[in-house]
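*Asks:* Mind having a look at this structure? Questions to follow.
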Amino acid sequence: MAVMRVRNLSKSFTLHEQGGVVLSVLNNVSLDIMAGECVVLRGASGCGKSTLLRSMYANYKPQSGSIEVCHQGLWVDILSAAPRIVLEVRRRTLGYVSQFLRVIPRVSSLDVVAEPLRNIGIDAPSARARAAAMLQRLNVPERLWSLAPATFSGGEQQRVNIARGFISQSPILLLDEPTASLDTENRAAVIALIGEAMARGTAIVGIFHDEDVRRCLGTRQFDVAQARLT
Amino acid sequence: MIELEPPLLTIQSLSKLYGRNVACSNVSFDLWAGEVICIVGESGSGKTTLLNCMNGTLTPSSGRMLYRTRHTGMVDVATMGDAHKRLLMRTDWGIVHQNPRDGLRMGVSAGANVGERLMAVGARHYGDIRSQAMDWLNRVEIEVDRIDDLPGVFSGGMQQRLQIARNLVTKPRLVFMDEPTGGLDVSVQARLLDLLRALVQELQLAAIIVTHDLAVARVLADRLFVMKGGDIVDNGLTYQVLDDPQHPYTQLLVSSILQV
């Protein structure tokens, strides 16, 4: 069952600051995402993997095409929907784990992770309890939970980021190199987490540079460079 | 998708002219309950004029502004009686000025600054007013034993937090803020931003915030408007506008941020 449909997506960047150079990155890309599969975006650096992923989160503004998300039984084109509808789709249906955690001053790791649950109306004690369990699974030491992640190591920040991305169990998850700064043990914990999500029916679209991760999880590869040409 | 409720605020073709100079031209947008919009732009771009036209400080040259009141539905603010409008501004709206001295009464105590807004909506019981004032001082992280101090003896950051408490005590649905973190130290700014972020979420406030600081917009705003020469030249989800800026001016603004 398709949960996301990308249709004829084209995206270029006009660099007004640099003499109006136009970079054409995606040209007429179409892609369907099914529940429970893990689509690995492939292609050389600079071919548009991140551009496609960010467009699929409506964080970039493509020139043409549509990106429909199955949100609570209704198809919503997140490229043309009103901002608050896009936010609602993100809260309940479409999650995103960026490469780096964007730290907010003074907010504890536990609250950073619990926030997506609070945003869908779950009370603070339950949200915090689930956040604690998630941080535990990702081997983030308990003494760090009450601290803001600004001073954490890259790997610790990334695990807080992953915990935040996975906690609300969104039906669709977009992952931008979630395992990039992790050691073997923590990478295994993340692979297990992604595997469980897929078993629940979560659709995953991701950029993974790690061959092991691709082999463990990828049910399908999508070559972004190839898609540009066709 | 089905729209269950109308917007809280609708701005239609709002313009403000100073003589022949256009301060803001033909601005239209809808704001929904609980939504936060930041307006950024350089000095003279018209962002403060737009804010002041919306919050009743200035009268727009043309255009309409409709507000969904608690009891009578969508009302054209221009046709509202003065008494009704004053009540709205004292209860349902909050205005946070850049300089807290413009929004506080400097001659009365911190507690009275908060309590005054409650009395304006009919609170009379001294004990209740004082306990609510204490609760709000606590929420904006001002030591409760400072309740009887005059705001003049507070630091700039404390004055700003007091102004926020004064505005939020009546549980407004819409708050207008002009550079709320302007003129504060960076460490004080971070504290205020975190506080504002938590309060906006907890109280489901709608807010329109003018700032020149893109980092403030990133932390607080759902949507971002970029103004230049009186026009909104870019608008959309905050992260989209900042990560994929469309207009040349927005690209200039984003590329001008210094990386620490």
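Lettering and numbering for the structure tokens are positional, with chains as A, B, ... in the shown order, residues counted from 1 in each chain, and ligands counted from 1 in the shown order.
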So that I can check the surroundings of segment 102-112 of chain B, please list as a list in words every protein, DNA and RNA residue that reaches within 6 Å of it, counting only C-alpha atoms and ignoring chain neighbours fewer than 6 positions away.
*Replies:*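 Final neighbour list, sorted by chain and number: Ala133, Ile147, Asp148, Asp149, Leu150 and Pro151 of chain B.
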*Asks:* Once you have the residues from the selection above, write them out as a PDB file, in the first residue's frame, restricted to all heavy atoms.
*Replies:*
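Written file, result09.pdb:
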ATOM      1  N   ALA B 133      -0.515  37.127  40.619  1.00  0.00           N
ATOM      2  CA  ALA B 133       0.680  37.888  40.261  1.00  0.00           C
ATOM      3  C   ALA B 133       1.930  37.109  40.662  1.00  0.00           C
ATOM      4  O   ALA B 133       2.897  37.002  39.900  1.00  0.00           O
ATOM      5  CB  ALA B 133       0.665  39.265  40.928  1.00  0.00           C
ATOM      6  N   ILE B 147       8.264  41.018  44.434  1.00  0.00           N
ATOM      7  CA  ILE B 147       6.914  41.434  44.002  1.00  0.00           C
ATOM      8  C   ILE B 147       6.609  42.902  44.302  1.00  0.00           C
ATOM      9  O   ILE B 147       5.876  43.561  43.559  1.00  0.00           O
ATOM     10  CB  ILE B 147       5.831  40.493  44.592  1.00  0.00           C
ATOM     11  CG1 ILE B 147       4.462  40.751  43.951  1.00  0.00           C
ATOM     12  CG2 ILE B 147       5.764  40.597  46.119  1.00  0.00           C
ATOM     13  CD1 ILE B 147       3.423  39.683  44.254  1.00  0.00           C
ATOM     14  N   ASP B 148       7.170  43.428  45.397  1.00  0.00           N
ATOM     15  CA  ASP B 148       6.851  44.807  45.770  1.00  0.00           C
ATOM     16  C   ASP B 148       7.864  45.831  45.262  1.00  0.00           C
ATOM     17  O   ASP B 148       7.736  47.021  45.515  1.00  0.00           O
ATOM     18  CB  ASP B 148       6.713  44.912  47.299  1.00  0.00           C
ATOM     19  CG  ASP B 148       5.532  44.077  47.786  1.00  0.00           C
ATOM     20  OD1 ASP B 148       4.462  44.137  47.132  1.00  0.00           O
ATOM     21  OD2 ASP B 148       5.683  43.340  48.774  1.00  0.00           O
ATOM     22  N   ASP B 149       8.887  45.334  44.510  1.00  0.00           N
ATOM     23  CA  ASP B 149       9.876  46.258  43.943  1.00  0.00           C
ATOM     24  C   ASP B 149       9.307  46.995  42.732  1.00  0.00           C
ATOM     25  O   ASP B 149       8.473  46.453  42.008  1.00  0.00           O
ATOM     26  CB  ASP B 149      11.126  45.489  43.479  1.00  0.00           C
ATOM     27  CG  ASP B 149      11.941  44.948  44.647  1.00  0.00           C
ATOM     28  OD1 ASP B 149      11.568  45.239  45.803  1.00  0.00           O
ATOM     29  OD2 ASP B 149      12.927  44.230  44.394  1.00  0.00           O
ATOM     30  N   LEU B 150       9.824  48.198  42.511  1.00  0.00           N
ATOM     31  CA  LEU B 150       9.460  48.921  41.290  1.00  0.00           C
ATOM     32  C   LEU B 150      10.245  48.327  40.122  1.00  0.00           C
ATOM     33  O   LEU B 150      11.399  47.910  40.293  1.00  0.00           O
ATOM     34  CB  LEU B 150       9.803  50.410  41.427  1.00  0.00           C
ATOM     35  CG  LEU B 150       8.996  51.199  42.463  1.00  0.00           C
ATOM     36  CD1 LEU B 150       9.498  52.642  42.534  1.00  0.00           C
ATOM     37  CD2 LEU B 150       7.508  51.175  42.110  1.00  0.00           C
ATOM     38  N   PRO B 151       9.641  48.298  38.912  1.00  0.00           N
ATOM     39  CA  PRO B 151      10.345  47.720  37.760  1.00  0.00           C
ATOM     40  C   PRO B 151      11.668  48.428  37.456  1.00  0.00           C
ATOM     41  O   PRO B 151      12.588  47.809  36.912  1.00  0.00           O
ATOM     42  CB  PRO B 151       9.369  47.901  36.594  1.00  0.00           C
ATOM     43  CG  PRO B 151       8.066  48.262  37.183  1.00  0.00           C
ATOM     44  CD  PRO B 151       8.277  48.722  38.592  1.00  0.00           C
TER      45      PRO B 151
END
*Asks:* Could the residues of chain A within 6 Å of chain B, counting only C-alpha atoms, be given as an MDAnalysis selection string, please?
*Replies:* chainID A and resid 16 59:60 83
*Asks:* As a compact mmCIF listing (two decimals) with C-alpha atoms, in the first residue's frame, please: every residue in segment 8-160 of chain B that DSSP puts in helix (DSSP H, G or I).
*Replies:*
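Written file, selection-v9.txt:
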# COMPACT_ATOMS: atom_id res chain seq x y z
CA LYS B 47 7.59 45.50 9.58
CA THR B 48 6.92 47.61 12.67
CA THR B 49 4.39 49.75 10.80
CA LEU B 50 2.55 46.59 9.79
CA LEU B 51 2.60 45.32 13.38
CA ASN B 52 1.32 48.64 14.72
CA CYS B 53 -1.48 48.75 12.16
CA MET B 54 -2.60 45.33 13.33
CA VAL B 77 -11.82 45.68 13.99
CA ALA B 78 -12.27 49.13 12.34
CA THR B 79 -16.02 49.12 13.00
CA ASP B 82 -13.95 52.07 21.27
CA ALA B 83 -15.07 50.38 24.48
CA HIS B 84 -15.16 46.97 22.82
CA LYS B 85 -11.75 47.55 21.25
CA ARG B 86 -10.23 48.62 24.57
CA LEU B 87 -11.62 45.53 26.25
CA LEU B 88 -10.17 43.38 23.47
CA MET B 89 -6.75 44.96 23.89
CA ARG B 90 -6.83 44.50 27.65
CA THR B 91 -7.97 40.89 27.64
CA PRO B 100 9.82 47.25 28.43
CA ARG B 101 9.46 50.80 29.75
CA ASP B 102 6.87 51.39 27.02
CA GLY B 103 4.78 48.48 28.18
CA ALA B 110 6.04 44.51 39.80
CA GLY B 111 3.05 42.85 41.43
CA ALA B 112 0.79 45.78 40.59
CA ASN B 113 1.97 45.73 36.97
CA VAL B 114 0.69 42.18 36.66
CA GLY B 115 -2.38 42.67 38.88
CA GLU B 116 -3.52 45.79 37.03
CA ARG B 117 -4.46 43.83 33.90
CA LEU B 118 -6.47 41.42 36.04
CA MET B 119 -8.33 44.31 37.68
CA ALA B 120 -9.07 45.73 34.24
CA TYR B 126 -6.87 41.40 46.59
CA GLY B 127 -5.65 37.99 47.76
CA ASP B 128 -6.52 36.33 44.44
CA ILE B 129 -4.88 39.08 42.41
CA ARG B 130 -1.72 38.91 44.51
CA SER B 131 -1.50 35.14 44.32
CA GLN B 132 -1.98 35.18 40.54
CA ALA B 133 0.68 37.89 40.26
CA MET B 134 3.03 35.71 42.32
CA ASP B 135 2.28 32.71 40.15
CA TRP B 136 3.13 34.70 37.02
CA LEU B 137 6.33 36.18 38.44
CA ASN B 138 7.34 32.62 39.18
CA ARG B 139 6.51 31.49 35.64
CA VAL B 144 8.63 36.13 44.19
CA ASP B 145 10.17 38.26 46.96
CA ARG B 146 10.70 41.00 44.35
CA PRO B 151 10.34 47.72 37.76
CA GLY B 152 13.00 50.47 37.57
CA VAL B 153 15.30 48.49 39.87
CA GLY B 156 16.57 44.81 31.30
CA GLY B 157 15.95 41.07 31.01
CA MET B 158 13.79 41.02 34.15
CA GLN B 159 11.80 44.03 32.95
CA GLN B 160 11.15 42.24 29.67
*Asks:* Give me the residues near Leu110 of chain A as a PyMOL selection string, where near means some atom within 8 Å (using only C-alpha atoms) and where sequence neighbours in that chain fewer than 5 positions away do not count.
*Replies:* chain A and resi 128+131-132+135+145-146
*Asks:* Could you dump the residues just selected with N, CA, C and O atoms as an mmCIF file, in the first residue's frame?
*Replies:*
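part-v3.cif, freshly written:
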data_model
loop_
_atom_site.group_PDB
_atom_site.id
_atom_site.type_symbol
_atom_site.label_atom_id
_atom_site.label_comp_id
_atom_site.auth_asym_id
_atom_site.auth_seq_id
_atom_site.Cartn_x
_atom_site.Cartn_y
_atom_site.Cartn_z
ATOM 1 N N ARG A 128 7.470 12.001 29.042
ATOM 2 C CA ARG A 128 8.823 11.897 29.607
ATOM 3 C C ARG A 128 9.210 10.446 29.848
ATOM 4 O O ARG A 128 10.362 10.060 29.614
ATOM 5 N N ALA A 131 10.148 9.020 26.619
ATOM 6 C CA ALA A 131 11.418 9.603 26.181
ATOM 7 C C ALA A 131 12.578 8.931 26.912
ATOM 8 O O ALA A 131 13.618 8.604 26.321
ATOM 9 N N ALA A 132 12.393 8.679 28.217
ATOM 10 C CA ALA A 132 13.452 8.044 29.005
ATOM 11 C C ALA A 132 13.743 6.646 28.464
ATOM 12 O O ALA A 132 14.901 6.258 28.298
ATOM 13 N N LEU A 135 15.723 6.973 25.223
ATOM 14 C CA LEU A 135 17.125 7.356 25.441
ATOM 15 C C LEU A 135 17.927 6.168 25.987
ATOM 16 O O LEU A 135 19.078 5.953 25.628
ATOM 17 N N TRP A 145 20.403 13.146 30.764
ATOM 18 C CA TRP A 145 19.016 13.417 30.370
ATOM 19 C C TRP A 145 18.522 14.792 30.779
ATOM 20 O O TRP A 145 17.708 15.394 30.091
ATOM 21 N N SER A 146 18.988 15.272 31.926
ATOM 22 C CA SER A 146 18.480 16.560 32.405
ATOM 23 C C SER A 146 19.263 17.738 31.824
ATOM 24 O O SER A 146 18.954 18.892 32.098
#
*Asks:* Need to verify the contact set: Leu52 of chain A, 10 Å, only C-alpha atoms, exclusion of same-chain residues closer than 2 positions in sequence. Can you return it as a list in words?
*Replies:* Val6, Leu9, Ser10, Lys11, Val25, Leu26, Val29, Leu41, Cys47, Gly48, Lys49, Ser50, Arg54, Ser55, Met56, Tyr57, Ala58, Asn59, Tyr60, Pro62 and Val224 of chain A
*Asks:* Just how far from atom CA of Ala188 of chain A is atom CA of Leu117 of chain A, in Å to one decimal?
*Replies:*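 For atom CA of Leu117 of chain A relative to atom CA of Ala188 of chain A, the distance reads 24.8 Å.
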*Asks:* Excluding Ser30 of chain A and residues on its chain fewer than 2 positions from it, collect all residues at most 9 Å away from it, counting only C-alpha atoms, and give them as JSON, numbers by chain.
*Replies:* {"A": [5, 6, 7, 8, 9, 28, 32, 65, 227]}
*Asks:* As a short mmCIF file (atom, residue, chain, number, x, y, z; two decimals) with all heavy atoms, in the first residue's frame, please: the residues near segment 14-17 of chain B (cut-off 7 Å, only C-alpha atoms, same-chain neighbours under 2 positions excluded).
*Replies:*
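Written file, result-v8.cif:
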data_model
loop_
_atom_site.label_atom_id
_atom_site.label_comp_id
_atom_site.auth_asym_id
_atom_site.auth_seq_id
_atom_site.Cartn_x
_atom_site.Cartn_y
_atom_site.Cartn_z
N ILE B 11 -6.19 39.37 7.64
CA ILE B 11 -5.74 40.68 7.16
C ILE B 11 -6.00 40.71 5.66
O ILE B 11 -5.58 39.80 4.94
CB ILE B 11 -4.23 40.87 7.44
CG1 ILE B 11 -3.93 40.73 8.94
CG2 ILE B 11 -3.73 42.20 6.90
CD1 ILE B 11 -4.48 41.82 9.81
N GLN B 12 -6.71 41.74 5.21
CA GLN B 12 -7.04 41.85 3.78
C GLN B 12 -6.51 43.15 3.20
O GLN B 12 -6.93 44.23 3.61
CB GLN B 12 -8.57 41.77 3.57
CG GLN B 12 -9.16 40.43 3.94
CD GLN B 12 -10.68 40.44 3.92
OE1 GLN B 12 -11.30 41.50 3.97
NE2 GLN B 12 -11.28 39.26 3.87
N GLY B 19 2.13 60.14 3.86
CA GLY B 19 2.21 61.05 2.74
C GLY B 19 2.26 60.22 1.46
O GLY B 19 1.39 59.39 1.22
N ARG B 20 3.33 60.40 0.66
CA ARG B 20 3.42 59.60 -0.56
C ARG B 20 4.28 58.36 -0.36
O ARG B 20 4.46 57.55 -1.26
CB ARG B 20 3.99 60.47 -1.70
CG ARG B 20 3.01 61.54 -2.15
CD ARG B 20 3.64 62.50 -3.15
NE ARG B 20 4.23 61.79 -4.29
CZ ARG B 20 5.21 62.30 -5.04
NH1 ARG B 20 5.72 63.48 -4.74
NH2 ARG B 20 5.68 61.62 -6.06
N ASN B 21 4.85 58.23 0.84
CA ASN B 21 5.69 57.06 1.10
C ASN B 21 4.84 55.86 1.52
O ASN B 21 3.99 55.98 2.39
CB ASN B 21 6.69 57.35 2.22
CG ASN B 21 7.75 58.32 1.77
OD1 ASN B 21 8.09 58.36 0.59
ND2 ASN B 21 8.23 59.14 2.70
N VAL B 22 5.12 54.75 0.88
CA VAL B 22 4.40 53.53 1.21
C VAL B 22 5.17 52.79 2.30
O VAL B 22 6.31 52.39 2.10
CB VAL B 22 4.27 52.61 -0.02
CG1 VAL B 22 3.51 51.34 0.34
CG2 VAL B 22 3.59 53.35 -1.16
N ALA B 23 4.57 52.65 3.50
CA ALA B 23 5.25 51.94 4.58
C ALA B 23 5.01 50.44 4.48
O ALA B 23 5.90 49.63 4.64
CB ALA B 23 4.80 52.46 5.93
N CYS B 24 3.74 50.08 4.21
CA CYS B 24 3.49 48.67 3.87
C CYS B 24 2.34 48.62 2.89
O CYS B 24 1.43 49.43 2.95
CB CYS B 24 3.25 47.80 5.11
SG CYS B 24 1.83 48.22 6.09
N SER B 25 2.44 47.71 1.93
CA SER B 25 1.47 47.78 0.86
C SER B 25 0.79 46.45 0.62
O SER B 25 1.44 45.42 0.48
CB SER B 25 2.13 48.29 -0.42
OG SER B 25 2.84 47.29 -1.06
N ASN B 26 -0.53 46.50 0.67
CA ASN B 26 -1.36 45.41 0.19
C ASN B 26 -1.03 44.06 0.83
O ASN B 26 -0.84 43.06 0.15
CB ASN B 26 -1.19 45.32 -1.34
CG ASN B 26 -2.42 44.76 -1.99
OD1 ASN B 26 -3.51 44.78 -1.40
ND2 ASN B 26 -2.26 44.23 -3.19
N VAL B 27 -0.95 44.07 2.16
CA VAL B 27 -0.61 42.84 2.89
C VAL B 27 -1.89 42.06 3.19
O VAL B 27 -2.87 42.62 3.69
CB VAL B 27 0.12 43.17 4.20
CG1 VAL B 27 0.27 41.93 5.06
CG2 VAL B 27 1.47 43.81 3.90
N SER B 28 -1.88 40.78 2.86
CA SER B 28 -3.02 39.91 3.17
C SER B 28 -2.51 38.59 3.74
O SER B 28 -1.56 38.03 3.21
CB SER B 28 -3.84 39.59 1.91
OG SER B 28 -4.34 40.76 1.32
N PRO B 60 -4.62 51.90 9.64
CA PRO B 60 -4.17 51.63 8.26
C PRO B 60 -4.81 52.61 7.28
O PRO B 60 -5.90 53.13 7.53
CB PRO B 60 -4.66 50.21 7.99
CG PRO B 60 -5.26 49.70 9.25
CD PRO B 60 -5.40 50.83 10.22
N SER B 61 -4.11 52.91 6.16
CA SER B 61 -4.68 53.78 5.14
C SER B 61 -5.78 53.08 4.38
O SER B 61 -6.76 53.69 3.96
CB SER B 61 -3.58 54.22 4.16
OG SER B 61 -2.49 54.75 4.86
N SER B 62 -5.63 51.78 4.18
CA SER B 62 -6.70 51.01 3.53
C SER B 62 -6.55 49.55 3.93
O SER B 62 -5.53 49.12 4.47
CB SER B 62 -6.62 51.16 2.01
OG SER B 62 -5.38 50.68 1.55
N GLY B 63 -7.58 48.79 3.63
CA GLY B 63 -7.56 47.38 3.96
C GLY B 63 -8.43 47.06 5.16
O GLY B 63 -8.93 47.96 5.84
N ARG B 64 -8.62 45.77 5.38
CA ARG B 64 -9.48 45.35 6.48
C ARG B 64 -8.78 44.36 7.39
O ARG B 64 -7.87 43.64 6.97
CB ARG B 64 -10.74 44.65 5.91
CG ARG B 64 -11.68 45.60 5.20
CD ARG B 64 -13.12 45.17 5.38
NE ARG B 64 -13.34 43.78 4.97
CZ ARG B 64 -14.44 43.10 5.28
NH1 ARG B 64 -15.40 43.68 5.99
NH2 ARG B 64 -14.60 41.85 4.88
#
*Asks:* Do you have the atom CA of Phe152 of chain A-atom CA of Ile257 of chain B distance handy?
*Replies:*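 Distance between the two atoms: 24.2 Å.
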*Asks:* Between atom CA of Gly229 of chain B and atom CA of Thr59 of chain B, what distance in Å does the model show, to one decimal?
*Replies:*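 Taking atom CA of Gly229 of chain B and atom CA of Thr59 of chain B, their separation equals 19.1 Å.
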*Asks:* So that I can see what lies close to Glu88 of chain A, please list as an MDAnalysis selection string the residues with an atom at most 10 Å from it, counting only C-alpha atoms and leaving out residues fewer than 4 positions away in the same chain.
*Replies:* chainID A and resid 71 83:84 92:94 119:120
*Asks:* I'd like to know which of B:Ile209, B:Ile95, B:Val121, B:Leu174 is closest to Thr69 of chain B, using only C-alpha atoms.
*Replies:*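 Looking at the shortest contact to Thr69 of chain B, the residue is B:Leu174.
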*Asks:* Out of segment 40-102 of chain B, which residues get strand (DSSP E) from DSSP, as a list in words?
*Replies:*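 Matching residues for strand (DSSP E) in segment 40-102 of chain B are Val40, Gly41, Ser62, Gly63, Arg64, Met65, Leu66, Tyr67, Arg68, Thr69, Gly73, Met74, Val75, Asp76, Trp93, Gly94, Ile95 and Val96 of chain B.
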*Asks:* Nearest to Val97 of chain A: which of A:Gln63, A:Ser170, A:Ser12, A:Ser45 is it, counting only C-alpha atoms?
*Replies:*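 Going through A:Gln63, A:Ser170, A:Ser12, A:Ser45 one by one, the smallest distance to Val97 of chain A is for A:Ser170.
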